[in-house]
Each structure stands twice: as structure tokens, then as C-alpha cells.
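With mmCIF, C-alpha atoms and all ligand atoms inside, this is protein-v7.cif:
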```cif
data_entry
#
loop_
_atom_site.group_PDB
_atom_site.id
_atom_site.type_symbol
_atom_site.label_atom_id
_atom_site.label_comp_id
_atom_site.auth_asym_id
_atom_site.auth_seq_id
_atom_site.Cartn_x
_atom_site.Cartn_y
_atom_site.Cartn_z
ATOM 1 C CA MET A 214 164.300 -98.089 -182.907
ATOM 2 C CA LEU A 215 166.726 -96.396 -185.302
ATOM 3 C CA ASN A 216 165.477 -94.398 -188.302
ATOM 4 C CA THR A 217 167.165 -93.743 -191.661
ATOM 5 C CA GLN A 218 169.048 -90.667 -190.447
ATOM 6 C CA ASP A 219 170.358 -92.655 -187.462
ATOM 7 C CA TYR A 220 171.709 -95.333 -189.814
ATOM 8 C CA LEU A 221 173.268 -92.734 -192.125
ATOM 9 C CA LYS A 222 174.930 -91.042 -189.142
ATOM 10 C CA ILE A 223 176.496 -94.391 -188.193
ATOM 11 C CA LEU A 224 177.597 -94.908 -191.808
ATOM 12 C CA VAL A 225 179.122 -91.458 -192.361
ATOM 13 C CA GLU A 226 180.332 -90.374 -188.933
ATOM 14 C CA ASP A 227 181.128 -93.609 -187.110
ATOM 15 C CA ILE A 228 182.178 -96.006 -189.875
ATOM 16 C CA HIS A 229 183.077 -93.509 -192.632
ATOM 17 C CA SER A 230 185.318 -95.768 -194.785
ATOM 18 C CA THR A 231 183.420 -98.231 -196.964
ATOM 19 C CA VAL A 232 184.026 -100.747 -199.735
ATOM 20 C CA VAL A 233 182.115 -99.813 -202.885
ATOM 21 C CA ALA A 234 181.369 -102.226 -205.727
ATOM 22 C CA THR A 235 180.703 -101.513 -209.379
ATOM 23 C CA ILE A 236 181.151 -103.601 -212.550
ATOM 24 C CA ASP A 237 184.377 -103.369 -214.533
ATOM 25 C CA ARG A 238 184.776 -103.258 -218.323
ATOM 26 C CA TYR A 239 184.912 -107.064 -218.461
ATOM 27 C CA GLY A 240 181.622 -107.460 -216.590
ATOM 28 C CA HIS A 241 183.280 -108.479 -213.317
ATOM 29 C CA PRO A 242 182.558 -106.996 -209.902
ATOM 30 C CA VAL A 243 185.261 -104.587 -208.746
ATOM 31 C CA THR A 244 185.624 -102.885 -205.354
ATOM 32 C CA ARG A 245 187.589 -100.034 -203.835
ATOM 33 C CA CYS A 246 187.625 -98.180 -200.509
ATOM 34 C CA ILE A 247 185.613 -94.964 -200.531
ATOM 35 C CA ASP A 248 184.874 -92.593 -197.656
ATOM 36 C CA MET A 249 181.296 -91.461 -197.151
ATOM 37 C CA MET A 250 181.630 -87.721 -196.575
ATOM 38 C CA LEU A 251 178.224 -86.237 -195.780
ATOM 39 C CA TYR A 252 174.602 -87.210 -195.394
ATOM 40 C CA ASP A 253 171.304 -85.357 -195.294
ATOM 41 C CA ASP A 254 167.641 -85.969 -196.095
ATOM 42 C CA ASN A 255 168.532 -86.369 -199.787
ATOM 43 C CA GLY A 256 171.108 -89.122 -199.390
ATOM 44 C CA VAL A 257 174.782 -89.842 -198.808
ATOM 45 C CA TYR A 258 177.672 -88.034 -200.531
ATOM 46 C CA PHE A 259 181.076 -89.234 -201.655
ATOM 47 C CA LEU A 260 183.552 -88.009 -204.241
ATOM 48 C CA THR A 261 186.056 -89.257 -206.744
ATOM 49 C CA ALA A 262 188.400 -87.834 -209.370
ATOM 50 C CA LYS A 263 187.261 -87.522 -212.968
ATOM 51 C CA GLY A 264 190.343 -89.394 -214.209
ATOM 52 C CA LYS A 265 189.582 -92.585 -212.310
ATOM 53 C CA GLU A 266 188.024 -95.710 -213.770
ATOM 54 C CA PHE A 267 185.607 -95.577 -210.828
ATOM 55 C CA TYR A 268 184.302 -92.223 -212.099
ATOM 56 C CA THR A 269 183.684 -93.668 -215.560
ATOM 57 C CA GLN A 270 181.847 -96.649 -214.087
ATOM 58 C CA LEU A 271 179.690 -94.406 -211.894
ATOM 59 C CA MET A 272 178.740 -92.247 -214.869
ATOM 60 C CA GLU A 273 177.865 -95.295 -216.983
ATOM 61 C CA GLN A 274 176.221 -97.509 -214.402
ATOM 62 C CA ARG A 275 174.672 -95.021 -211.966
ATOM 63 C CA TYR A 276 174.435 -97.799 -209.397
ATOM 64 C CA ILE A 277 176.634 -99.066 -206.556
ATOM 65 C CA SER A 278 176.660 -101.560 -203.723
ATOM 66 C CA LEU A 279 178.665 -100.844 -200.610
ATOM 67 C CA SER A 280 179.486 -102.502 -197.321
ATOM 68 C CA ALA A 281 181.208 -101.109 -194.278
ATOM 69 C CA ILE A 282 182.052 -102.460 -190.870
ATOM 70 C CA SER A 283 183.253 -100.969 -187.625
ATOM 71 C CA GLY A 284 183.694 -103.130 -184.577
ATOM 72 C CA LYS A 285 180.719 -105.444 -184.594
ATOM 73 C CA ARG A 286 178.378 -103.138 -186.528
ATOM 74 C CA CYS A 287 177.973 -103.336 -190.268
ATOM 75 C CA ILE A 288 175.963 -101.517 -192.914
ATOM 76 C CA SER A 289 175.287 -102.465 -196.519
ATOM 77 C CA LEU A 290 173.666 -100.189 -199.051
ATOM 78 C CA ALA A 291 172.717 -100.702 -202.696
ATOM 79 C CA GLY A 292 171.096 -98.275 -205.076
ATOM 80 C CA SER A 293 171.254 -95.397 -207.501
ATOM 81 C CA VAL A 294 173.835 -92.633 -207.566
ATOM 82 C CA GLU A 295 173.740 -89.271 -209.305
ATOM 83 C CA ASN A 296 176.572 -86.919 -210.188
ATOM 84 C CA ILE A 297 176.114 -83.475 -208.635
ATOM 85 C CA GLY A 298 179.361 -82.005 -209.948
ATOM 86 C CA ARG A 299 181.076 -79.570 -207.580
ATOM 87 C CA GLU A 300 177.969 -79.020 -205.477
ATOM 88 C CA LYS A 301 178.866 -79.728 -201.850
ATOM 89 C CA LEU A 302 182.565 -80.122 -202.695
ATOM 90 C CA ASP A 303 183.662 -77.275 -200.410
ATOM 91 C CA GLU A 304 181.323 -78.438 -197.665
ATOM 92 C CA ILE A 305 182.876 -81.901 -197.885
ATOM 93 C CA PHE A 306 186.384 -80.437 -197.573
ATOM 94 C CA LEU A 307 185.324 -78.376 -194.565
ATOM 95 C CA LYS A 308 183.743 -81.325 -192.815
ATOM 96 C CA ASN A 309 186.524 -83.765 -193.751
ATOM 97 C CA ALA A 310 189.691 -81.706 -193.244
ATOM 98 C CA TYR A 311 192.057 -84.542 -194.238
ATOM 99 C CA MET A 312 190.877 -84.046 -197.822
ATOM 100 C CA GLN A 313 192.708 -80.690 -197.844
ATOM 101 C CA ASP A 314 196.019 -82.571 -197.568
ATOM 102 C CA ILE A 315 195.142 -85.190 -200.161
ATOM 103 C CA TYR A 316 193.965 -82.572 -202.673
ATOM 104 C CA PRO A 317 195.599 -79.288 -201.554
ATOM 105 C CA GLY A 318 194.658 -75.895 -202.967
ATOM 106 C CA ASN A 319 192.986 -75.892 -206.335
ATOM 107 C CA THR A 320 193.800 -79.536 -207.077
ATOM 108 C CA ARG A 321 190.365 -80.387 -205.714
ATOM 109 C CA SER A 322 189.090 -79.322 -209.134
ATOM 110 C CA ALA A 323 189.853 -82.901 -210.222
ATOM 111 C CA LEU A 324 186.985 -84.097 -208.021
ATOM 112 C CA GLU A 325 183.253 -84.396 -208.463
ATOM 113 C CA VAL A 326 180.608 -85.340 -205.937
ATOM 114 C CA PHE A 327 178.143 -88.202 -206.172
ATOM 115 C CA ARG A 328 174.990 -88.652 -204.144
ATOM 116 C CA ILE A 329 173.494 -92.026 -203.268
ATOM 117 C CA CYS A 330 169.960 -90.883 -203.935
ATOM 118 C CA ALA A 331 167.720 -93.988 -203.889
ATOM 119 C CA ALA A 332 168.949 -97.075 -202.091
ATOM 120 C CA GLN A 333 168.036 -99.936 -199.782
ATOM 121 C CA GLY A 334 170.097 -100.420 -196.630
ATOM 122 C CA ASN A 335 170.729 -103.181 -194.143
ATOM 123 C CA PHE A 336 172.222 -102.883 -190.684
ATOM 124 C CA PHE A 337 173.646 -105.612 -188.432
ATOM 125 C CA ASP A 338 174.929 -105.333 -184.881
ATOM 126 C CA ILE A 339 176.525 -108.447 -183.388
ATOM 127 C CA SER A 340 178.050 -106.694 -180.344
ATOM 128 C CA ASP A 341 175.987 -109.054 -178.219
ATOM 129 C CA PRO A 342 176.291 -112.300 -180.230
ATOM 130 C CA GLY A 343 173.426 -113.972 -178.413
ATOM 131 C CA HIS A 344 171.175 -111.030 -179.189
ATOM 132 C CA VAL A 345 171.955 -109.962 -182.745
ATOM 133 C CA THR A 346 169.972 -106.984 -184.009
ATOM 134 C CA ARG A 347 169.286 -106.044 -187.596
ATOM 135 C CA GLY A 348 167.421 -103.283 -189.362
ATOM 136 C CA THR A 349 166.437 -102.127 -192.806
ATOM 137 C CA PHE A 350 166.134 -98.612 -194.152
ATOM 138 C CA ALA A 351 165.798 -96.740 -197.421
ATOM 139 C CA ILE A 352 167.076 -93.553 -199.027
ATOM 140 C CA GLY A 353 164.976 -91.422 -201.369
ATOM 141 C CA LYS A 354 162.331 -93.156 -203.444
ATOM 142 C CA ALA A 355 163.552 -96.659 -202.603
ATOM 143 C CA SER A 356 161.506 -98.803 -200.218
ATOM 144 C CA PRO A 357 163.090 -100.691 -197.336
ATOM 145 C CA GLU A 358 163.623 -104.380 -198.045
ATOM 146 C CA THR A 359 160.708 -106.455 -196.889
ATOM 147 C CA GLY A 360 160.643 -110.216 -196.838
ATOM 148 C CA GLY A 361 162.302 -112.525 -194.376
ATOM 149 C CA TYR A 362 160.840 -115.578 -192.660
ATOM 150 C CA LYS A 363 157.187 -115.343 -191.625
ATOM 151 C CA ILE A 364 154.793 -117.746 -189.874
ATOM 152 C CA SER A 365 151.320 -118.259 -191.307
ATOM 153 C CA GLY A 366 147.994 -119.119 -189.724
ATOM 154 C CA ARG A 367 148.767 -122.840 -190.195
ATOM 155 C CA CYS A 368 150.932 -122.680 -187.057
ATOM 156 C CA ASN A 369 149.679 -124.863 -184.164
ATOM 157 C CA GLY A 370 152.049 -123.497 -181.535
ATOM 158 C CA CYS A 371 154.059 -126.725 -181.107
ATOM 159 C CA GLY A 372 157.351 -124.872 -180.483
ATOM 160 C CA LYS A 373 159.631 -127.029 -182.676
ATOM 161 C CA CYS A 374 160.831 -123.966 -184.548
ATOM 162 C CA LEU A 375 162.044 -122.257 -181.392
ATOM 163 C CA SER A 376 164.055 -125.338 -180.404
ATOM 164 C CA VAL A 377 166.297 -124.904 -183.490
ATOM 165 C CA CYS A 378 166.417 -121.099 -183.599
ATOM 166 C CA PRO A 379 169.955 -119.847 -182.878
ATOM 167 C CA GLN A 380 168.718 -116.447 -181.702
ATOM 168 C CA ASN A 381 165.701 -117.623 -179.731
ATOM 169 C CA CYS A 382 163.702 -115.017 -181.584
ATOM 170 C CA ILE A 383 160.338 -116.736 -182.074
ATOM 171 C CA ASP A 384 157.492 -115.642 -179.803
ATOM 172 C CA LEU A 385 155.373 -118.638 -178.885
ATOM 173 C CA SER A 386 153.107 -116.728 -176.516
ATOM 174 C CA ARG A 387 150.853 -116.154 -179.502
ATOM 175 C CA THR A 388 149.418 -118.519 -182.115
ATOM 176 C CA PRO A 389 150.434 -118.241 -184.851
ATOM 177 C CA ALA A 390 153.913 -117.761 -183.407
ATOM 178 C CA VAL A 391 155.736 -114.599 -184.458
ATOM 179 C CA ILE A 392 159.346 -114.189 -185.623
ATOM 180 C CA ASP A 393 161.098 -111.058 -184.375
ATOM 181 C CA GLN A 394 162.223 -109.553 -187.692
ATOM 182 C CA ASN A 395 164.780 -107.342 -185.947
ATOM 183 C CA ARG A 396 166.652 -110.367 -184.647
ATOM 184 C CA CYS A 397 166.096 -113.177 -187.195
ATOM 185 C CA LEU A 398 169.336 -114.303 -188.903
ATOM 186 C CA HIS A 399 167.493 -115.649 -191.978
ATOM 187 C CA CYS A 400 169.283 -118.948 -191.372
ATOM 188 C CA GLY A 401 166.261 -121.048 -192.388
ATOM 189 C CA ASN A 402 166.639 -123.613 -189.562
ATOM 190 C CA CYS A 403 163.012 -123.297 -188.529
ATOM 191 C CA VAL A 404 161.492 -124.123 -191.919
ATOM 192 C CA PRO A 405 162.098 -127.900 -192.248
ATOM 193 C CA VAL A 406 161.195 -128.720 -188.629
ATOM 194 C CA CYS A 407 157.750 -127.147 -188.777
ATOM 195 C CA PRO A 408 155.176 -129.989 -188.949
ATOM 196 C CA ALA A 409 152.504 -127.636 -190.249
ATOM 197 C CA GLY A 410 154.547 -126.159 -193.077
ATOM 198 C CA ALA A 411 153.730 -122.767 -191.601
ATOM 199 C CA ILE A 412 157.059 -121.014 -192.112
ATOM 200 C CA ALA A 413 158.051 -119.511 -195.434
ATOM 201 C CA LYS A 414 160.512 -116.978 -196.718
ATOM 202 C CA GLU A 415 158.864 -113.945 -198.232
ATOM 203 C CA MET A 416 160.800 -112.251 -201.017
HETATM 204 S S1 LIG B 1 157.160 -125.335 -185.654
HETATM 205 FE FE1 LIG B 1 155.557 -124.527 -187.033
HETATM 206 S S2 LIG B 1 153.626 -125.108 -186.039
HETATM 207 FE FE2 LIG B 1 155.244 -125.332 -184.498
HETATM 208 S S3 LIG B 1 155.217 -123.347 -183.408
HETATM 209 FE FE3 LIG B 1 156.745 -123.212 -185.027
HETATM 210 S S4 LIG B 1 155.638 -122.314 -186.773
HETATM 211 FE FE4 LIG B 1 154.096 -123.037 -185.330
HETATM 212 S S1 LIG B 2 165.291 -118.185 -189.867
HETATM 213 FE FE1 LIG B 2 166.753 -118.836 -188.261
HETATM 214 S S2 LIG B 2 166.985 -117.076 -186.927
HETATM 215 FE FE2 LIG B 2 165.151 -116.721 -188.150
HETATM 216 S S3 LIG B 2 163.464 -117.477 -186.907
HETATM 217 FE FE3 LIG B 2 164.100 -119.168 -188.234
HETATM 218 S S4 LIG B 2 165.586 -120.320 -187.038
HETATM 219 FE FE4 LIG B 2 165.355 -118.323 -186.045
#
```

Go through the file and emit its structure as C-alpha cells.
Amino acid sequence: MLNTQDYLKILVEDIHSTVVATIDRYGHPVTRCIDMMLYDDNGVYFLTAKGKEFYTQLMEQRYISLSAISGKRCISLAGSVENIGREKLDEIFLKNAYMQDIYPGNTRSALEVFRICAAQGNFFDISDPGHVTRGTFAIGKASPETGGYKISGRCNGCGKCLSVCPQNCIDLSRTPAVIDQNRCLHCGNCVPVCPAGAIAKEM
């Protein structure tokens, strides 16, 4: 079972380049590619230049959504960001040496660092398509997403739900049956076939 630091390591060290969304001046979603530079117990760090529209949006909105994919693994993260100025800037340049060519010498003074400080994350791994795994995690004061499809005590163990489940992830050895939350696709197939009305999506 992976924990938050495991997911952040995948995000920063394995995937690294992400697509980050904010809202533009017209109220439309806008995205750009941003590298995630560092992580620690306090969050994830990235940087941008003060002259960019992205910087202005971060300062006004203080919130981002991002998605990133590498191979068959993907992470999404949404939550609050805070500007920490030049704190960690040199550490980022040490750890990510390519930045020294993009912003050589003192030109790095154009940059400021942001920390994703409270966010909910989702992880998907479809390397084995017949055995998809998913996970949720949280940074800072945010709580991991709960919800998903759950089976109530009205279940009679008939097994109709399992017959339409693409991931075969419903345990019928117990009554009520139990959905494996680390494998459920949230497709909803099981809901209409249940004669007992026992399956519902929790928000
Ligand atoms: S279809 Fe409904 S009643 Fe039948 S095993 Fe699944 S949850 Fe239980
Ligand atoms: S929502 Fe889809 S994947 Fe999840 S248990 Fe139901 S049928 Fe299976």
C-alpha cells in the first residue's frame, strides 16, 4: 500500500512534467506544462517567472488542478498553493540541474517558488489492464477523497453485480458483498442490475 510520500515521489521523480490548470481572465480553464521540482512533508514545489500570466493567476486564485502521466501510471492533484518567494529556489536548481541552462546565472531572480500545500490526489495504474489499481492521498490539511460505490446491508449476495463488473472487484464471499475500493473503476455498471437496490455512490 503506497502512502502520500510514495505518491509524491512518483509525481516528482518519476513523472516530473505535469499539466497544470488555472482559470484565465475570461473565466475559461487554461493549462500549461509545469515541472514538479521537489517534495517533502509540507507539499510539492514548482516555480514560475513573475512576468508570466500563470504567476498572476496563481497569486490571484491560489488554487490549481494538475494531471500527469508516465507510461500507464497517472496522478491528478487539486488544491491550494502558496507563494514562498525565493525559499527553496537554490535547492530546486541544485536538484534539477537543467534549470541552470534555462535560467543561467542571476537570471533565476525572475523566478519564485510555489508550494502545493493542501490538496487531494488520485493515482491510477493501468499497467495490468485487467487489474487496474487506484489510490487516493492528501497533502497538508486536505483529506483524501472518500466516496465511491458502496454496498449496503440490503445486499442478498445474489452476485448479479459481479457479472457486470469489468474489473471483477466485488467480493461475494461476504454478505453484504464488498467492493474493492482500490480497484473499482467507478463505472456504475453494478448499480442498475442490483435487485435489492443495495449499491450507491457515496459523495
Ligand atoms: S447485485 Fe446487489 S444484492 Fe446482488 S450481490 Fe450485488 S450488491 Fe448484493
Ligand atoms: S462501479 Fe464498476 S468497477 Fe466499480 S464495482 Fe461497480 S461495476 Fe465494478

Please expand the PyMOL selection byres (((chain A and resi 311-319) around 12) and not hetatm) into the concrete residues it hits in this file, giving the result as number ranges by chain. A: 248, 250, 259-262, 302-310, 320-324

I would like the residues chosen by the PyMOL selection byres (((chain A and resi 276) around 6) and not hetatm) on the shown file; could you give them as a ChimeraX atom specification? /A:274-275,277,292-294

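Atom CA of Glu273 of chain A is found 17.0 Å from atom CA of Arg245 of chain A.
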
Any residue with an atom at most 7 Å from ligand LIG 1 (chain B) counts, using all atoms listed in the file. Which are they? Put them as a list in words.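 These are the residues that qualify: Ile364, Arg367, Cys368, Asn369, Gly370, Cys371, Gly372, Lys373, Cys374, Leu375, Leu385, Pro389, Ala390, Cys403, Val406, Cys407, Pro408, Ala409, Gly410, Ala411 and Ile412 of chain A.
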
With a distance cut-off of 9 Å and all atoms listed in the file, select the neighbouring residues of Ser278 of chain A, excluding the residue or stretch itself and same-chain residues fewer than 2 positions from it, and output the selection as a PyMOL selection string. chain A and resi 232-235+276+280+289-292

Please identify every polymer residue within 9 Å of ligand LIG 2 (chain B), using all atoms listed in the file, and present the set as a VMD selection string. chain A and resid 361 to 363 374 to 383 391 to 394 396 to 404 412 414

Do you know which residues the PyMOL selection byres (((chain A and resi 285) around 12) and not hetatm) returns on this file, as a ChimeraX atom specification? /A:228,281-284,286-288,336-342,345-347
